[in-house]
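The data block below is upload-v9.cif; it holds mmCIF, C-alpha atoms and all ligand atoms.
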```cif
data_query
loop_
_atom_site.label_atom_id
_atom_site.label_comp_id
_atom_site.auth_asym_id
_atom_site.auth_seq_id
_atom_site.Cartn_x
_atom_site.Cartn_y
_atom_site.Cartn_z
CA MET A 1 0.26 -22.88 2.89
CA THR A 2 2.09 -20.61 0.46
CA ILE A 3 0.46 -17.26 1.05
CA ARG A 4 3.75 -15.34 0.85
CA GLY A 5 4.18 -16.33 -2.78
CA GLU A 6 0.82 -14.81 -3.74
CA THR A 7 1.03 -11.60 -5.76
CA GLY A 8 -2.69 -10.89 -5.77
CA ARG A 9 -2.65 -11.00 -9.57
CA PHE A 10 -4.59 -13.63 -11.45
CA GLY A 11 -3.60 -13.15 -15.09
CA PRO A 12 -4.85 -9.67 -15.99
CA PHE A 13 -7.13 -9.56 -12.93
CA GLY A 14 -6.81 -8.60 -9.26
CA GLY A 15 -4.34 -6.02 -7.97
CA GLN A 16 -4.67 -3.15 -5.51
CA TYR A 17 -6.51 -0.26 -7.16
CA VAL A 18 -6.88 1.85 -4.04
CA ALA A 19 -6.02 5.35 -2.81
CA GLU A 20 -2.32 5.70 -1.97
CA VAL A 21 -3.03 6.06 1.76
CA LEU A 22 -4.45 2.54 1.82
CA MET A 23 -1.32 0.87 0.41
CA PRO A 24 0.52 0.61 3.75
CA VAL A 25 -2.70 -0.61 5.36
CA LEU A 26 -3.05 -3.41 2.82
CA GLY A 27 0.65 -4.19 3.29
CA GLU A 28 0.15 -4.55 7.03
CA LEU A 29 -2.85 -6.82 6.46
CA GLU A 30 -0.95 -8.94 3.95
CA GLU A 31 1.90 -9.44 6.43
CA ALA A 32 -0.47 -10.22 9.32
CA PHE A 33 -2.38 -12.78 7.27
CA ALA A 34 0.80 -14.39 5.95
CA ALA A 35 2.13 -14.73 9.51
CA ALA A 36 -1.19 -16.15 10.75
CA ALA A 37 -1.35 -18.57 7.82
CA GLU A 38 2.06 -19.98 8.81
CA ASP A 39 0.98 -20.42 12.43
CA ASN A 40 -0.66 -23.77 13.14
CA GLY A 41 -2.10 -22.28 16.33
CA PHE A 42 -4.15 -19.84 14.23
CA TRP A 43 -5.65 -22.60 12.08
CA ASP A 44 -6.26 -24.82 15.13
CA GLU A 45 -8.30 -22.04 16.71
CA TYR A 46 -10.16 -21.32 13.45
CA HIS A 47 -11.06 -25.00 12.98
CA ARG A 48 -12.03 -25.37 16.63
CA ILE A 49 -14.57 -22.54 16.21
CA LEU A 50 -15.85 -23.98 12.93
CA ARG A 51 -16.37 -27.31 14.69
CA GLU A 52 -17.89 -26.14 17.98
CA TYR A 53 -19.75 -23.01 16.88
CA VAL A 54 -20.47 -23.27 13.16
CA GLY A 55 -21.16 -27.02 13.21
CA ARG A 56 -18.54 -28.25 10.73
CA PRO A 57 -17.93 -30.52 9.04
CA ASN A 58 -21.39 -30.36 7.52
CA PRO A 59 -22.54 -33.45 5.58
CA LEU A 60 -22.36 -34.41 1.94
CA THR A 61 -25.96 -35.51 1.30
CA PHE A 62 -26.90 -37.89 -1.51
CA ALA A 63 -29.97 -36.37 -3.20
CA ALA A 64 -31.45 -39.76 -4.08
CA ASN A 65 -34.93 -38.55 -5.08
CA LEU A 66 -33.58 -35.72 -7.21
CA THR A 67 -31.07 -38.07 -8.86
CA ARG A 68 -33.86 -40.52 -9.74
CA LEU A 69 -36.11 -37.75 -11.07
CA VAL A 70 -33.39 -36.17 -13.24
CA GLY A 71 -32.16 -39.51 -14.56
CA GLY A 72 -28.56 -38.39 -15.03
CA CYS A 73 -25.54 -38.90 -12.79
CA GLU A 74 -25.59 -39.08 -8.97
CA ILE A 75 -26.23 -35.65 -7.39
CA TYR A 76 -24.79 -34.83 -3.95
CA LEU A 77 -25.28 -31.67 -1.88
CA LYS A 78 -22.57 -30.00 0.20
CA ARG A 79 -24.63 -28.72 3.11
CA GLU A 80 -23.40 -25.18 3.85
CA ASP A 81 -27.08 -24.46 4.60
CA LEU A 82 -26.63 -26.34 7.88
CA ASN A 83 -23.95 -23.94 9.20
CA HIS A 84 -24.79 -21.61 12.08
CA THR A 85 -26.49 -18.53 10.50
CA GLY A 86 -27.50 -20.67 7.51
CA ALA A 87 -24.83 -20.13 4.86
CA HIS A 88 -21.12 -20.30 4.00
CA LYS A 89 -20.46 -16.62 4.81
CA ILE A 90 -19.74 -17.42 8.47
CA ASN A 91 -16.59 -19.42 7.50
CA ASN A 92 -15.05 -16.20 6.21
CA THR A 93 -16.20 -13.80 8.92
CA ILE A 94 -14.93 -16.12 11.67
CA GLY A 95 -11.54 -16.21 9.91
CA GLN A 96 -11.29 -12.46 9.37
CA VAL A 97 -12.48 -11.44 12.85
CA LEU A 98 -10.09 -13.98 14.39
CA LEU A 99 -7.30 -12.33 12.37
CA ALA A 100 -8.48 -8.87 13.49
CA THR A 101 -8.20 -9.81 17.16
CA ARG A 102 -4.75 -11.32 16.50
CA MET A 103 -3.75 -7.93 15.03
CA GLY A 104 -5.02 -6.21 18.18
CA LYS A 105 -7.96 -4.57 16.39
CA ARG A 106 -11.10 -4.65 18.49
CA ARG A 107 -13.38 -2.93 16.00
CA VAL A 108 -14.58 -4.39 12.71
CA ILE A 109 -16.47 -2.79 9.85
CA ALA A 110 -18.21 -4.37 6.87
CA GLU A 111 -20.26 -3.42 3.84
CA THR A 112 -23.46 -5.27 3.07
CA GLY A 113 -26.10 -5.30 0.37
CA ALA A 114 -28.90 -7.61 1.41
CA GLY A 115 -27.49 -7.77 4.91
CA GLN A 116 -26.30 -11.38 4.93
CA HIS A 117 -22.59 -10.51 5.16
CA GLY A 118 -23.48 -7.83 7.71
CA VAL A 119 -25.25 -10.42 9.86
CA ALA A 120 -22.36 -12.90 9.52
CA THR A 121 -19.86 -10.17 10.51
CA ALA A 122 -22.01 -8.97 13.43
CA THR A 123 -22.28 -12.59 14.60
CA ALA A 124 -18.50 -13.10 14.59
CA ALA A 125 -18.01 -9.70 16.27
CA ALA A 126 -20.42 -10.69 19.06
CA LEU A 127 -18.57 -13.98 19.51
CA PHE A 128 -15.17 -12.26 19.77
CA GLY A 129 -16.44 -9.28 21.77
CA CYS A 130 -15.53 -6.76 19.07
CA GLU A 131 -17.28 -3.51 18.23
CA CYS A 132 -18.98 -3.71 14.83
CA ALA A 133 -20.23 -1.14 12.32
CA VAL A 134 -21.93 -2.14 9.07
CA PHE A 135 -22.26 0.18 6.07
CA MET A 136 -25.44 -0.33 4.12
CA GLY A 137 -27.04 1.73 1.36
CA GLU A 138 -30.07 3.63 2.64
CA GLU A 139 -32.20 1.92 0.00
CA ASP A 140 -31.04 -1.51 1.21
CA VAL A 141 -31.67 -0.55 4.86
CA ARG A 142 -35.28 0.06 3.85
CA ARG A 143 -35.59 -3.12 1.75
CA GLN A 144 -33.86 -5.46 4.21
CA ALA A 145 -35.44 -4.50 7.53
CA PRO A 146 -35.23 -7.98 9.15
CA ASN A 147 -31.46 -8.21 8.61
CA VAL A 148 -31.00 -4.65 9.90
CA GLU A 149 -32.85 -5.75 13.04
CA ARG A 150 -30.70 -8.88 13.36
CA MET A 151 -27.48 -6.83 13.12
CA ARG A 152 -28.74 -4.41 15.77
CA LEU A 153 -29.73 -7.29 18.07
CA LEU A 154 -26.20 -8.66 17.67
CA GLY A 155 -24.84 -5.32 18.87
CA ALA A 156 -23.74 -3.86 15.54
CA GLU A 157 -24.25 -0.27 14.47
CA VAL A 158 -25.86 -0.07 11.02
CA ILE A 159 -24.72 3.05 9.15
CA PRO A 160 -27.03 4.02 6.26
CA VAL A 161 -25.14 5.29 3.19
CA THR A 162 -26.90 8.12 1.34
CA SER A 163 -24.51 8.64 -1.60
CA GLY A 164 -25.06 7.46 -5.19
CA SER A 165 -27.74 4.84 -5.73
CA ARG A 166 -27.74 4.12 -1.96
CA THR A 167 -27.01 0.43 -2.51
CA LEU A 168 -24.13 -2.05 -2.23
CA LYS A 169 -21.50 -0.31 -4.38
CA ASP A 170 -21.98 2.93 -2.42
CA ALA A 171 -21.70 1.02 0.86
CA MET A 172 -18.42 -0.54 -0.38
CA ASN A 173 -16.99 2.89 -1.25
CA GLU A 174 -18.04 4.31 2.10
CA ALA A 175 -16.60 1.37 4.10
CA MET A 176 -13.27 1.79 2.26
CA ARG A 177 -13.24 5.55 2.97
CA HIS A 178 -14.04 4.97 6.63
CA TRP A 179 -11.30 2.36 6.92
CA VAL A 180 -8.65 4.85 5.71
CA SER A 181 -9.43 7.22 8.56
CA HIS A 182 -9.85 4.63 11.37
CA VAL A 183 -7.20 2.12 10.51
CA GLU A 184 -5.37 2.04 13.87
CA ASN A 185 -8.15 0.16 15.65
CA THR A 186 -10.37 -0.98 12.76
CA PHE A 187 -10.36 -4.10 10.56
CA TYR A 188 -12.38 -4.14 7.30
CA VAL A 189 -14.14 -7.50 6.82
CA ILE A 190 -14.87 -8.00 3.10
CA GLY A 191 -17.70 -10.41 2.32
CA SER A 192 -16.58 -12.20 -0.84
CA ALA A 193 -13.39 -13.34 -2.56
CA ALA A 194 -13.13 -9.86 -4.04
CA GLY A 195 -11.60 -6.46 -3.27
CA PRO A 196 -7.91 -5.46 -3.29
CA HIS A 197 -5.16 -7.99 -2.54
CA PRO A 198 -4.87 -9.72 -0.06
CA TYR A 199 -8.67 -10.12 0.32
CA PRO A 200 -9.34 -12.48 -2.63
CA VAL A 201 -6.56 -14.80 -1.40
CA MET A 202 -7.53 -14.50 2.25
CA VAL A 203 -11.23 -15.14 1.68
CA ARG A 204 -10.40 -18.12 -0.54
CA GLU A 205 -8.28 -19.59 2.25
CA PHE A 206 -11.11 -19.11 4.76
CA GLN A 207 -13.64 -20.73 2.39
CA ARG A 208 -11.30 -23.50 1.22
CA VAL A 209 -12.67 -25.62 4.06
CA ILE A 210 -15.72 -26.30 1.85
CA GLY A 211 -13.69 -27.98 -0.90
CA ASP A 212 -11.32 -29.67 1.55
CA GLU A 213 -14.32 -31.31 3.19
CA ILE A 214 -15.87 -32.26 -0.16
CA LYS A 215 -12.58 -33.91 -1.11
CA ALA A 216 -12.22 -35.87 2.14
CA GLN A 217 -15.90 -36.88 2.17
CA SER A 218 -15.74 -38.00 -1.48
CA ILE A 219 -12.66 -40.14 -0.90
CA GLU A 220 -14.28 -41.71 2.14
CA ARG A 221 -17.53 -42.36 0.32
CA PHE A 222 -16.57 -43.05 -3.31
CA GLY A 223 -12.92 -43.89 -2.89
CA LYS A 224 -12.14 -41.08 -5.38
CA PHE A 225 -12.67 -37.39 -6.10
CA PRO A 226 -16.08 -36.25 -7.36
CA ASP A 227 -16.35 -35.92 -11.15
CA CYS A 228 -17.86 -32.45 -11.03
CA VAL A 229 -18.29 -29.65 -8.46
CA LEU A 230 -20.83 -26.93 -9.17
CA ALA A 231 -21.49 -23.63 -7.32
CA CYS A 232 -23.27 -20.30 -7.82
CA ILE A 233 -21.30 -17.05 -8.08
CA GLY A 234 -22.03 -13.65 -6.64
CA GLY A 235 -18.57 -12.34 -5.79
CA GLY A 236 -17.35 -15.92 -5.95
CA SER A 237 -16.46 -16.91 -2.39
CA ASN A 238 -18.51 -20.10 -2.04
CA ALA A 239 -17.41 -21.13 -5.54
CA ILE A 240 -13.67 -20.53 -5.05
CA GLY A 241 -13.97 -22.19 -1.63
CA ALA A 242 -15.53 -25.29 -3.18
CA PHE A 243 -13.09 -25.28 -6.14
CA ALA A 244 -9.76 -24.38 -4.50
CA SER A 245 -8.83 -27.94 -3.49
CA PHE A 246 -9.57 -29.29 -6.99
CA LEU A 247 -7.83 -26.80 -9.29
CA ASP A 248 -4.98 -29.21 -10.10
CA ASP A 249 -7.19 -32.31 -10.24
CA ASP A 250 -9.14 -33.92 -13.05
CA VAL A 251 -12.45 -32.59 -11.73
CA LYS A 252 -14.93 -30.60 -13.83
CA LEU A 253 -15.71 -27.26 -12.15
CA VAL A 254 -18.86 -25.33 -13.05
CA ALA A 255 -19.91 -21.87 -11.82
CA VAL A 256 -23.37 -20.41 -12.30
CA GLU A 257 -24.02 -16.66 -12.60
CA ALA A 258 -27.38 -14.98 -12.09
CA SER A 259 -28.77 -13.73 -15.39
CA GLY A 260 -31.80 -12.13 -13.67
CA GLU A 261 -34.50 -11.28 -16.19
CA GLY A 262 -32.14 -12.25 -19.03
CA ILE A 263 -28.79 -10.79 -20.09
CA GLU A 264 -30.41 -9.13 -23.11
CA THR A 265 -32.71 -7.10 -20.81
CA GLY A 266 -29.76 -5.49 -19.03
CA ARG A 267 -31.35 -6.52 -15.72
CA HIS A 268 -28.94 -9.22 -14.54
CA ALA A 269 -25.92 -9.91 -12.35
CA ALA A 270 -23.80 -11.92 -14.81
CA ALA A 271 -20.46 -10.08 -14.64
CA ILE A 272 -18.59 -12.70 -16.70
CA ALA A 273 -21.22 -13.53 -19.32
CA GLY A 274 -22.56 -9.98 -19.62
CA GLY A 275 -19.92 -7.55 -18.31
CA GLN A 276 -16.54 -6.10 -19.31
CA VAL A 277 -13.15 -5.74 -17.67
CA GLY A 278 -12.96 -2.77 -15.34
CA VAL A 279 -11.99 -1.65 -11.85
CA LEU A 280 -14.26 -1.82 -8.81
CA HIS A 281 -13.74 -2.25 -5.08
CA GLY A 282 -9.94 -2.03 -5.47
CA GLN A 283 -9.62 -4.87 -8.01
CA LYS A 284 -9.58 -5.37 -11.76
CA SER A 285 -12.10 -7.94 -12.98
CA TYR A 286 -15.22 -8.45 -15.04
CA LEU A 287 -17.97 -6.10 -13.96
CA LEU A 288 -21.22 -4.53 -15.02
CA GLN A 289 -20.61 -1.02 -16.35
CA ASP A 290 -22.06 1.42 -18.84
CA ALA A 291 -20.29 2.90 -21.88
CA ASN A 292 -18.67 5.54 -19.63
CA GLY A 293 -17.28 2.97 -17.24
CA GLN A 294 -19.85 3.78 -14.55
CA VAL A 295 -20.68 0.74 -12.44
CA LEU A 296 -24.20 -0.51 -12.99
CA GLU A 297 -26.44 -1.98 -10.35
CA ALA A 298 -26.85 -5.73 -10.55
CA HIS A 299 -30.29 -7.36 -10.65
CA SER A 300 -31.19 -10.81 -9.40
CA ILE A 301 -34.06 -12.39 -7.52
CA SER A 302 -31.43 -13.49 -4.99
CA ALA A 303 -29.97 -10.64 -3.00
CA GLY A 304 -26.70 -12.50 -2.42
CA LEU A 305 -25.88 -12.69 -6.14
CA ASP A 306 -26.55 -8.98 -6.60
CA TYR A 307 -22.86 -8.00 -6.78
CA PRO A 308 -21.89 -6.05 -9.94
CA GLY A 309 -18.45 -7.69 -10.18
CA VAL A 310 -16.79 -11.04 -9.61
CA GLY A 311 -13.63 -11.98 -7.72
CA PRO A 312 -10.37 -11.91 -9.74
CA GLN A 313 -9.44 -15.58 -9.41
CA ILE A 314 -12.84 -16.76 -10.62
CA ALA A 315 -12.49 -14.27 -13.51
CA GLU A 316 -9.12 -15.78 -14.47
CA LEU A 317 -10.31 -19.38 -14.11
CA ALA A 318 -13.16 -18.48 -16.46
CA ARG A 319 -10.88 -16.67 -18.94
CA THR A 320 -8.49 -19.61 -19.14
CA GLY A 321 -11.30 -22.17 -19.37
CA ARG A 322 -10.43 -24.04 -16.16
CA ILE A 323 -13.97 -23.49 -14.96
CA GLU A 324 -17.09 -23.53 -17.08
CA VAL A 325 -19.45 -20.61 -16.49
CA LEU A 326 -23.20 -21.03 -17.00
CA THR A 327 -26.08 -18.69 -16.22
CA ALA A 328 -29.50 -19.13 -14.61
CA THR A 329 -32.37 -16.63 -14.73
CA ASP A 330 -34.73 -15.68 -11.90
CA ASP A 331 -37.28 -18.14 -13.30
CA ASP A 332 -34.67 -20.92 -13.49
CA ALA A 333 -33.72 -20.26 -9.87
CA LEU A 334 -37.35 -20.48 -8.74
CA LYS A 335 -37.67 -23.82 -10.51
CA GLY A 336 -34.54 -25.06 -8.74
CA PHE A 337 -35.90 -23.75 -5.43
CA HIS A 338 -39.19 -25.67 -5.72
CA LEU A 339 -37.57 -28.76 -7.19
CA LEU A 340 -35.20 -29.34 -4.28
CA THR A 341 -37.81 -28.43 -1.69
CA ARG A 342 -40.34 -30.92 -3.06
CA THR A 343 -38.00 -33.77 -3.91
CA GLU A 344 -35.63 -33.68 -0.93
CA GLY A 345 -37.38 -31.65 1.79
CA ILE A 346 -34.58 -29.08 1.76
CA ILE A 347 -35.46 -25.41 1.17
CA PRO A 348 -32.41 -23.93 -0.57
CA ALA A 349 -31.34 -20.27 -0.64
CA LEU A 350 -32.31 -18.56 -3.90
CA GLU A 351 -28.59 -18.09 -4.56
CA SER A 352 -27.98 -21.84 -4.31
CA SER A 353 -31.12 -22.44 -6.39
CA HIS A 354 -29.26 -21.00 -9.40
CA ALA A 355 -26.66 -23.74 -9.00
CA LEU A 356 -29.38 -26.39 -8.62
CA ALA A 357 -31.15 -25.24 -11.78
CA ARG A 358 -28.01 -25.86 -13.88
CA ALA A 359 -26.94 -28.95 -11.93
CA VAL A 360 -29.99 -30.73 -13.32
CA ASP A 361 -28.77 -30.06 -16.89
CA VAL A 362 -25.15 -30.92 -16.16
CA ALA A 363 -26.18 -34.18 -14.45
CA LYS A 364 -27.86 -35.32 -17.69
CA THR A 365 -24.60 -34.91 -19.62
CA LEU A 366 -22.55 -37.12 -17.26
CA PRO A 367 -22.45 -40.94 -17.04
CA LYS A 368 -24.90 -42.53 -14.57
CA GLU A 369 -22.17 -43.55 -12.14
CA ALA A 370 -20.51 -40.09 -12.10
CA LYS A 371 -20.69 -38.04 -8.88
CA LEU A 372 -21.77 -34.39 -9.13
CA VAL A 373 -21.48 -32.23 -5.99
CA VAL A 374 -23.61 -29.07 -5.80
CA ASN A 375 -22.50 -26.57 -3.19
CA LEU A 376 -25.70 -25.74 -1.33
CA SER A 377 -24.38 -22.36 -0.16
CA GLY A 378 -27.30 -21.48 2.11
CA ARG A 379 -30.79 -22.24 3.34
CA GLY A 380 -33.88 -20.58 1.94
CA ASP A 381 -35.91 -19.55 4.96
CA LYS A 382 -34.75 -15.97 4.40
CA ASP A 383 -36.20 -16.04 0.88
CA LEU A 384 -39.79 -17.09 1.53
CA ALA A 385 -41.19 -13.54 1.27
CA THR A 386 -39.27 -12.96 -1.99
CA VAL A 387 -40.53 -16.19 -3.54
CA LEU A 388 -44.10 -15.45 -2.53
CA ALA A 389 -43.97 -11.86 -3.83
CA PHE A 390 -42.45 -13.00 -7.14
CA GLU A 391 -45.09 -15.63 -7.68
CA MET A 392 -47.92 -13.26 -6.76
CA ARG A 393 -46.62 -10.82 -9.40
CA GLY A 394 -47.11 -13.60 -11.92
CA GLY A 395 -43.53 -14.75 -12.24
CA GLU A 396 -43.68 -18.42 -13.14
CA ALA A 397 -42.32 -21.11 -10.90
C1 LIG A 401 -23.81 -14.22 -0.31
C2 LIG A 401 -24.27 -15.53 -0.78
C3 LIG A 401 -23.84 -16.07 -2.02
C4 LIG A 401 -22.97 -15.31 -2.99
O1 LIG A 401 -21.72 -14.94 -2.52
P1 LIG A 401 -20.39 -15.63 -3.03
O2 LIG A 401 -19.31 -14.77 -2.47
O3 LIG A 401 -20.41 -15.64 -4.51
O4 LIG A 401 -20.38 -16.99 -2.48
C5 LIG A 401 -24.29 -17.33 -2.38
N1 LIG A 401 -25.11 -18.04 -1.59
C6 LIG A 401 -25.55 -17.57 -0.41
C7 LIG A 401 -26.46 -18.40 0.41
C8 LIG A 401 -25.14 -16.30 0.04
O5 LIG A 401 -25.57 -15.84 1.21
#
```

Once you've parsed the file, please lay out its structure as structure tokens.
Amino acid sequence: MTIRGETGRFGPFGGQYVAEVLMPVLGELEEAFAAAAEDNGFWDEYHRILREYVGRPNPLTFAANLTRLVGGCEIYLKREDLNHTGAHKINNTIGQVLLATRMGKRRVIAETGAGQHGVATATAAALFGCECAVFMGEEDVRRQAPNVERMRLLGAEVIPVTSGSRTLKDAMNEAMRHWVSHVENTFYVIGSAAGPHPYPVMVREFQRVIGDEIKAQSIERFGKFPDCVLACIGGGSNAIGAFASFLDDDVKLVAVEASGEGIETGRHAAAIAGGQVGVLHGQKSYLLQDANGQVLEAHSISAGLDYPGVGPQIAELARTGRIEVLTATDDDALKGFHLLTRTEGIIPALESSHALARAVDVAKTLPKEAKLVVNLSGRGDKDLATVLAFEMRGGEA
């Protein structure tokens, strides 16, 4: 582990674009994480919890029916959907809340849009006996009532944010402001591989377990690395987690952004394909903004891809061409959702359905014997109402 060598800069991206008062706080966090990362005891405890509580390692499933139907290369699924709470987000919140307790902080805060990161943080807080407050735009509190209820059941306080558009970006600003004034006892748990340094590095290290497992499972099963790994990107945490172990290997890496109703409509969440370089959430990266640099709201059928930016390392990997970036629309995602459900009996999250939609195309371009791994970032039970509502409105499936 070489965390101390990390500058938090990925080419022109990353950095610490925060108020001056937060600089010492980020410095303290950087030091605490670096020390934890060098301590085998910390990782032993983290992996013990992932094993006993989260249910790792989760399997690499051969999607035999889907492979036959598509007629391209062999398609495998990395089953993050089988984790406790149903997605990859728990890997990160367990890591960050474990670090918080090591730092002596017994209170954690988080920002959340659709509520999934809020639920994952509240879950880890309950496990570690920490106090938990989750900032959520008032509009999102209204739209995401079941997740608000889950967080409250888990003992978290949900704080509605009434500024701006009352959605995710306002909740992020508010969480950052709150952190500044409560830093002695409070740890800020960020939900993706985004935000000011050291968060993008730290979240990558907590999600790296996905790619490490894919690598070990591939070697065991195929006697070699997979030929291609494919993941969806919101902020980029499940993607960088799946990719991190393969960056120096001869493995094709493909990320899929949500292009919503189409990039040309302006209603999308494709920060790389349809955004510009700017500053948000304490980092420089690609993001959705208007001509005045105001951050725009992202649009996607999947709440988890509704982040207006993208993490700085994913941005740099895209800029330098190490990863290929594709897009999938809402309609594409619905097709992927139904396809996997009907062929394999696995209901995928709408986020992961974006990856599945493009995996079908990529599989056709690879030789029959090639192995393509799709990171199935979450399960789709949470999305049934959204799918139904979309199809009733006449969206095609
Ligand atoms: C939140 C979420 C995502 C998107 O977040 P990343 O940080 O880009 O991984 C993808 N899939 C699921 C199931 C999610 O809950």

As JSON, numbers by chain, please: the residues near segment 329-333 of chain A (cut-off 7 Å, all atoms listed in the file, same-chain neighbours under 3 positions excluded).
{"A": [258, 259, 260, 261, 262, 300, 301, 336, 337, 350, 353, 354, 357, 396, 397]}

Would you tabulate, counting only C-alpha atoms and all ligand atoms, all residues of chain A that have an atom at most 7 Å from an atom of ligand LIG 401 (chain A), showing the closest pair of atoms and their distance in Å to one decimal, sorted by chain then ascending number, as JSON lines?
```
{"residue": "A:Ala87", "atom": "CA", "partner": "A:LIG401", "partner_atom": "C7", "distance": 5.0}
{"residue": "A:His88", "atom": "CA", "partner": "A:LIG401", "partner_atom": "C7", "distance": 6.7}
{"residue": "A:Lys89", "atom": "CA", "partner": "A:LIG401", "partner_atom": "O5", "distance": 6.3}
{"residue": "A:Gln116", "atom": "CA", "partner": "A:LIG401", "partner_atom": "O5", "distance": 5.9}
{"residue": "A:His117", "atom": "CA", "partner": "A:LIG401", "partner_atom": "C1", "distance": 6.7}
{"residue": "A:Gly191", "atom": "CA", "partner": "A:LIG401", "partner_atom": "O2", "distance": 6.7}
{"residue": "A:Ser192", "atom": "CA", "partner": "A:LIG401", "partner_atom": "O2", "distance": 4.1}
{"residue": "A:Ala193", "atom": "CA", "partner": "A:LIG401", "partner_atom": "O2", "distance": 6.1}
{"residue": "A:Cys232", "atom": "CA", "partner": "A:LIG401", "partner_atom": "C5", "distance": 6.3}
{"residue": "A:Ile233", "atom": "CA", "partner": "A:LIG401", "partner_atom": "O3", "distance": 3.9}
{"residue": "A:Gly234", "atom": "CA", "partner": "A:LIG401", "partner_atom": "O3", "distance": 3.3}
{"residue": "A:Gly235", "atom": "CA", "partner": "A:LIG401", "partner_atom": "O3", "distance": 4.0}
{"residue": "A:Gly236", "atom": "CA", "partner": "A:LIG401", "partner_atom": "O3", "distance": 3.4}
{"residue": "A:Ser237", "atom": "CA", "partner": "A:LIG401", "partner_atom": "O2", "distance": 3.6}
{"residue": "A:Asn238", "atom": "CA", "partner": "A:LIG401", "partner_atom": "O4", "distance": 3.7}
{"residue": "A:Ala239", "atom": "CA", "partner": "A:LIG401", "partner_atom": "O4", "distance": 5.9}
{"residue": "A:Gly304", "atom": "CA", "partner": "A:LIG401", "partner_atom": "C1", "distance": 4.0}
{"residue": "A:Leu305", "atom": "CA", "partner": "A:LIG401", "partner_atom": "C4", "distance": 5.0}
{"residue": "A:Ala349", "atom": "CA", "partner": "A:LIG401", "partner_atom": "C7", "distance": 5.3}
{"residue": "A:Glu351", "atom": "CA", "partner": "A:LIG401", "partner_atom": "N1", "distance": 4.6}
{"residue": "A:Ser352", "atom": "CA", "partner": "A:LIG401", "partner_atom": "N1", "distance": 5.5}
{"residue": "A:Ser377", "atom": "CA", "partner": "A:LIG401", "partner_atom": "C7", "distance": 4.5}
{"residue": "A:Gly378", "atom": "CA", "partner": "A:LIG401", "partner_atom": "C7", "distance": 3.6}
{"residue": "A:Arg379", "atom": "CA", "partner": "A:LIG401", "partner_atom": "C7", "distance": 6.5}
```

Selection near segment 213-220 of chain A, 8 Å with only C-alpha atoms, sequence-local residues under 6 positions removed, as number ranges by chain
A: 57, 60, 78, 226, 242, 245

Which residues are near Val362 of chain A? Cut-off 9 Å, only C-alpha atoms, ignore same chain within fewer than 6 positions. Put them as JSON, numbers by chain.
{"A": [72, 73, 254, 372]}

Provide the atom CA of Thr101 of chain A to atom CA of Asn40 of chain A distance in Å, to one decimal place.
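Spanning atom CA of Thr101 of chain A to atom CA of Asn40 of chain A is a straight-line distance of 16.4 Å.
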
Between A:Val180, A:Leu230, A:Ala156, A:Thr265, which residue has the minimum interatomic distance to Pro24 of chain A, considering only C-alpha atoms?
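Nearest candidate to Pro24 of chain A out of A:Val180, A:Leu230, A:Ala156, A:Thr265: A:Val180.
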
With all atoms listed in the file as the atoms that count, which of A:Gly311, A:Pro200, A:Gly86, A:Gly8 lies nearest to Leu376 of chain A?
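When distances to Leu376 of chain A are compared using all atoms listed in the file, the smallest one comes from A:Gly86.
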
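You will find atom CA of Val148 of chain A at 20.7 Å from atom CA of His299 of chain A.
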